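Asker: Can you read through this structure? Questions will come right after.
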Amino acid sequence: MHRSFREILNILDDKGSLVRIKKEVDPKYEMGAVMKQLEKEGKAFLFENVKGSKYPAVGGLFTSMDRYGLIFNEDASEEFTYDQAGQKVLEGVADPIASVVKDNGPVMEEILRDDKIDLLSMPVPTFFELDTGPFITAAVGIFRKPDGNINVGFYRCLIENKNHILINASGLSDLRKSYNWHREEGKEMNVVMVLGAPPALLMAAASKSPDHVSELDVAGGMIGKGVKVVLGPDSGLPIPIDAEMAFETKVDLNNMVENTLGEFGAQYGTEHAPMCEVTSILKRKDSMFYTLMAGRAKEHNNLGYLTVYGMSTMLKNRIKDTFPCVSNVEIHFDTKIGPLMHVVIAINKSSDSQPADIIKETFEINMGSFNLAWMAKRVIVVDDDVDPSNMDDVEWATWTRMGRAEKVHLFSNFVTWEIDRAALPDKTSLRVGIDATKDMDYVEDLIRPIVPGIDNIKLEDYLD
């Protein structure tokens, strides 16, 4: 069971969860401000009248993790968990299904070229006061890697003029590696940016697949059949036939341009991206422009959480295997505490030196091409009577069991991910380890108050 982008919009509309805004809105600041207010209400939206554009703009489809249930639940219920969403992607990775090439499809109903291309007529928001300009935030980029495999990922795009965009790529992305390879080899490169892609492909694109597995095939595995695609007339790249629109681009890797956008960690991020010429726009006749609120926003972050799901699972197992005393591990990747991850480890402690050793070794865990410290800001070690998944409980332990300055460990020499905007010019940033365990000499003095048998009590048994 799976549903398309438009089917989900229609379900949300029928449920009263889609707000149609008929009043004209300015894409510069006003549109983003309204999107942020709608996000608080958990509403999807459709702007019918965006100043300077003939296209409607839609978004807010996945402002809660429950909304992913609309894709897969037979009854279209909004009941879905982070684990279910992550497992769906892992199932697709384990059993990918190749895409199916078709001769035609809705996305080819209109093909715009030359003077008919006008990106400035798109309802693209300028979100924040210091942003370089209007950014496309909900498009997935499709390109061919040096090994020939098709890759799909989310990449922010700045509208430069009527027929040029900048396509950004983070340091973790396959697109950044592909940019570097094509530049070094002097090879031409094409990227297709797709808006309103199949929801399963949005989930796969937000995740991290193994190098030999295409996210397009992962999406096929998630829905149980190959995603139907057409080949772009200019690029030859696969484009989902039921997408809303697609921009075929030619990348100029010798023309890198600085651009700034307010990012998911609630900080501005300045990057350099290649100038890309849009050679054609493929679109439905009644196409809608899909957009995500930038910055620390719910729909943006819910997709982002899928990026680290598989990595989190692997990391939890690695920590448990490395330290026999570990009873539980939780990885927190929540923009409320910044753009980097926070690792909480519960242990059955046997010595006061244990937490310090665990903190240091955890930061140094090899994740493949980088150590964990590259993307983990803090490691907290707690006793096994503390729930690592409950940050309120973890904070309680931190401020009730940390009586010595030696229990705070500071590391200032770790090279960091570029999204850590607090980094110094040498690309290093602070990392923090906290020993929030009871000192062995005071174990009996720091026992938590417990009501015996409380876990066996069901309140409904006592109510009429």
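Please note that chains go A, B, ... in the order of the structure tokens, that every chain numbers its residues from 1, and that ligands are numbered from 1 in the order shown.
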Enumerate as JSON, numbers by chain all residues of region 166-349 of chain A assigned to strand (DSSP E) by DSSP on the backbone, naming them with the chain letters and numbers the document uses.

Answerer: {"A": [166, 167, 190, 191, 192, 193, 194, 195, 228, 229, 230, 231, 238, 239, 240, 245, 246, 247, 248, 249, 250, 251, 252, 253, 254, 255, 256, 257, 258, 259, 260, 261, 262, 268, 269, 270, 271, 272, 273, 274, 275, 276, 277, 278, 279, 280, 281, 282, 283, 289, 290, 326, 327, 328, 329, 330, 331, 332, 341, 342, 343, 344, 345, 346, 347]}

Asker: Excluding Ile150 (chain A) and residues on its chain fewer than 5 positions from it, collect all residues at most 6 Å away from it, counting only C-alpha atoms, and give them as a PDB file with N, CA and C atoms, in the first residue's frame.

Answerer:
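So the final result, stored in out_34.pdb, reads:
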ATOM      1  N   PHE A 143      21.042  12.665  -9.993  1.00  0.00           N
ATOM      2  CA  PHE A 143      22.237  12.750 -10.820  1.00  0.00           C
ATOM      3  C   PHE A 143      22.900  11.384 -10.885  1.00  0.00           C
ATOM      4  N   ARG A 144      23.837  11.267 -11.791  1.00  0.00           N
ATOM      5  CA  ARG A 144      24.571  10.011 -11.946  1.00  0.00           C
ATOM      6  C   ARG A 144      25.947  10.162 -11.291  1.00  0.00           C
ATOM      7  N   SER A 214      20.800   2.743  -5.205  1.00  0.00           N
ATOM      8  CA  SER A 214      20.189   4.022  -5.564  1.00  0.00           C
ATOM      9  C   SER A 214      18.958   4.284  -4.711  1.00  0.00           C
TER      10      SER A 214
END

Asker: Quick one: residues within 9 Å of Lys316 (chain A), only C-alpha atoms, excluding same-chain residues fewer than 5 positions away - as a count of residues only?

Answerer: 6

Asker: Set the distance at 6 Å and use only C-alpha atoms: which residues neighbour region 283-298 of chain A once local chain neighbours fewer than 3 positions away are removed? I'd like the list as a ChimeraX atom specification.

Answerer: /A:56-59,63,106-110,137-138,195-196,244-245,262-266,301-302

Asker: Hey, can you spit out that residue selection with C-alpha atoms as a compact mmCIF listing (two decimals), in the first residue's frame?

Answerer:
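As a result, result.txt now contains:
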# COMPACT_ATOMS: atom_id res chain seq x y z
CA PRO A 56 0.06 27.51 -6.58
CA ALA A 57 2.48 26.60 -3.78
CA VAL A 58 1.89 23.61 -1.49
CA GLY A 59 3.60 22.23 1.59
CA THR A 63 4.70 18.32 9.74
CA PRO A 106 2.12 13.59 -16.50
CA VAL A 107 5.42 15.37 -15.79
CA MET A 108 5.95 15.62 -19.57
CA GLU A 109 2.63 17.29 -20.33
CA GLU A 110 4.54 20.53 -20.88
CA THR A 137 13.87 23.82 -0.39
CA ALA A 138 11.70 20.79 -1.25
CA LEU A 195 9.47 18.98 -7.11
CA GLY A 196 6.48 17.00 -5.86
CA GLU A 244 4.81 18.06 -10.28
CA MET A 245 7.75 19.56 -12.16
CA GLY A 262 18.84 30.13 7.53
CA GLU A 263 19.38 26.44 8.31
CA PHE A 264 17.70 23.69 10.35
CA GLY A 265 19.90 24.37 13.38
CA ALA A 266 18.42 27.90 13.61
CA ASN A 301 13.30 18.27 10.34
CA ASN A 302 11.05 15.19 10.10

Asker: Which residues are close to region 444-455 of chain A, i.e. within 9 Å by only C-alpha atoms, leaving aside same-chain residues fewer than 4 positions away? Reply as a PDB file with N, CA and C atoms, in the first residue's frame.

Answerer:
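Dumped everything to selection-v8.pdb:
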ATOM      1  N   ASP A 385      19.637   3.579  36.091  1.00  0.00           N
ATOM      2  CA  ASP A 385      18.290   3.893  36.573  1.00  0.00           C
ATOM      3  C   ASP A 385      17.728   5.144  35.895  1.00  0.00           C
ATOM      4  N   THR A 400      21.974  16.610  39.310  1.00  0.00           N
ATOM      5  CA  THR A 400      21.864  16.086  40.678  1.00  0.00           C
ATOM      6  C   THR A 400      22.983  15.124  41.032  1.00  0.00           C
ATOM      7  N   ARG A 401      23.763  14.673  40.025  1.00  0.00           N
ATOM      8  CA  ARG A 401      24.791  13.663  40.287  1.00  0.00           C
ATOM      9  C   ARG A 401      26.188  14.120  39.861  1.00  0.00           C
ATOM     10  N   LYS A 438      26.444   8.533  39.490  1.00  0.00           N
ATOM     11  CA  LYS A 438      26.720   8.658  40.918  1.00  0.00           C
ATOM     12  C   LYS A 438      28.173   8.264  41.206  1.00  0.00           C
ATOM     13  N   MET A 440      31.014   6.480  43.212  1.00  0.00           N
ATOM     14  CA  MET A 440      30.935   5.199  43.904  1.00  0.00           C
ATOM     15  C   MET A 440      30.830   5.368  45.429  1.00  0.00           C
TER      16      MET A 440
END

Asker: Give me the residues within 12 Å of Ser350 (chain A) as a ChimeraX atom specification, counting only C-alpha atoms and dropping any in the same chain fewer than 4 places off.

Answerer: /A:324-326,354-355,383-384,437-441,443

Asker: For Phe5 (chain A), list every protein, DNA or RNA residue within 9 Å, evaluated using only C-alpha atoms, and leave out those in the same chain fewer than 5 positions away; present the list as JSON, numbers by chain.

Answerer: {"A": [10, 61, 71, 196, 197, 198, 199, 242, 243, 244]}

Asker: Report, in Å with one decimal, the straight-line distance from CA of Met65 (chain A) to CA of Glu299 (chain A).

Answerer: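 Here the two named atoms are 8.7 Å from each other.
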
Asker: Go through region 386-443 of chain A and flag each residue having an atom no more than 12 Å from region 167-181 of chain A; for those, report the closest pair of atoms plus their distance in Å to one decimal, using only C-alpha atoms, ordered by chain and rising number, as a tab-separated table.

Answerer:
residue	atom	partner	partner_atom	distance
A:Thr416	CA	A:Gly171	CA	10.6
A:Trp417	CA	A:Gly171	CA	7.5
A:Glu418	CA	A:Gly171	CA	7.1
A:Ile419	CA	A:Ser170	CA	8.4
A:Asp420	CA	A:Gly171	CA	11.8

Asker: How about saving the chosen residues, N, CA and C atoms kept, as a compact mmCIF listing (two decimals), in the first residue's frame?

Answerer:
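For reference, again-v7.txt as written:
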# COMPACT_ATOMS: atom_id res chain seq x y z
N THR A 416 35.02 19.48 12.82
CA THR A 416 33.57 19.40 12.89
C THR A 416 32.91 19.48 11.52
N TRP A 417 31.67 19.04 11.47
CA TRP A 417 30.80 19.14 10.29
C TRP A 417 30.55 20.61 9.98
N GLU A 418 30.41 20.95 8.70
CA GLU A 418 30.25 22.37 8.37
C GLU A 418 28.94 22.98 8.88
N ILE A 419 27.95 22.15 9.22
CA ILE A 419 26.71 22.71 9.75
C ILE A 419 26.87 23.20 11.19
N ASP A 420 28.01 22.89 11.81
CA ASP A 420 28.33 23.42 13.14
C ASP A 420 28.90 24.82 12.93

Asker: What separation in Å, quoted to one decimal, exists between CA of Tyr268 (chain A) and CA of Glu395 (chain A)?

Answerer: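 Separation between CA of Tyr268 (chain A) and CA of Glu395 (chain A): 27.9 Å.
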
Asker: Please identify which residues in region 161-334 of chain A DSSP calls helix (DSSP H, G or I) from the backbone, and express them as a VMD selection string.

Answerer: chain A and resid 174 to 185 199 to 206 215 to 223 298 to 307 309 to 322

Asker: Closest to Asn49 (chain A) among A:Val101, A:Gly69, A:Tyr82, A:Met122, using only C-alpha atoms?

Answerer: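 Answer, going by the shortest atom-to-atom distance: A:Met122.
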
Asker: Check the smallest atom-to-atom distance from each of A:Met402, A:Met375, A:Leu90, A:Ile21 to Gly221 (chain A) using only C-alpha atoms, then report the winner.

Answerer: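 Of the candidates, the smallest distance to Gly221 (chain A) is held by A:Leu90.
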
Asker: Any idea what the distance is between CA of Leu459 (chain A) and CA of Asp393 (chain A)?

Answerer: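 For CA of Leu459 (chain A) relative to CA of Asp393 (chain A), the distance reads 23.0 Å.
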
Asker: With distances taken over only C-alpha atoms, which residue among A:Ile345, A:Asp118, A:Asn456, A:Glu91 lies nearest Asn390 (chain A)?

Answerer: A:Ile345

Asker: Return the single residue from A:Asn259, A:Ser121, A:Asn317, A:Ser77 that is closest to Gly133 (chain A), with distances computed using only C-alpha atoms.

Answerer: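 The answer is A:Asn259, which sits nearest to Gly133 (chain A).
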
Asker: Nearest to Arg183 (chain A) among A:Asn254, A:Thr428, A:Thr81, A:Ser412, with distances taken over only C-alpha atoms: which residue is it?

Answerer: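 Comparing A:Asn254, A:Thr428, A:Thr81, A:Ser412 against Arg183 (chain A), the winner is A:Asn254.
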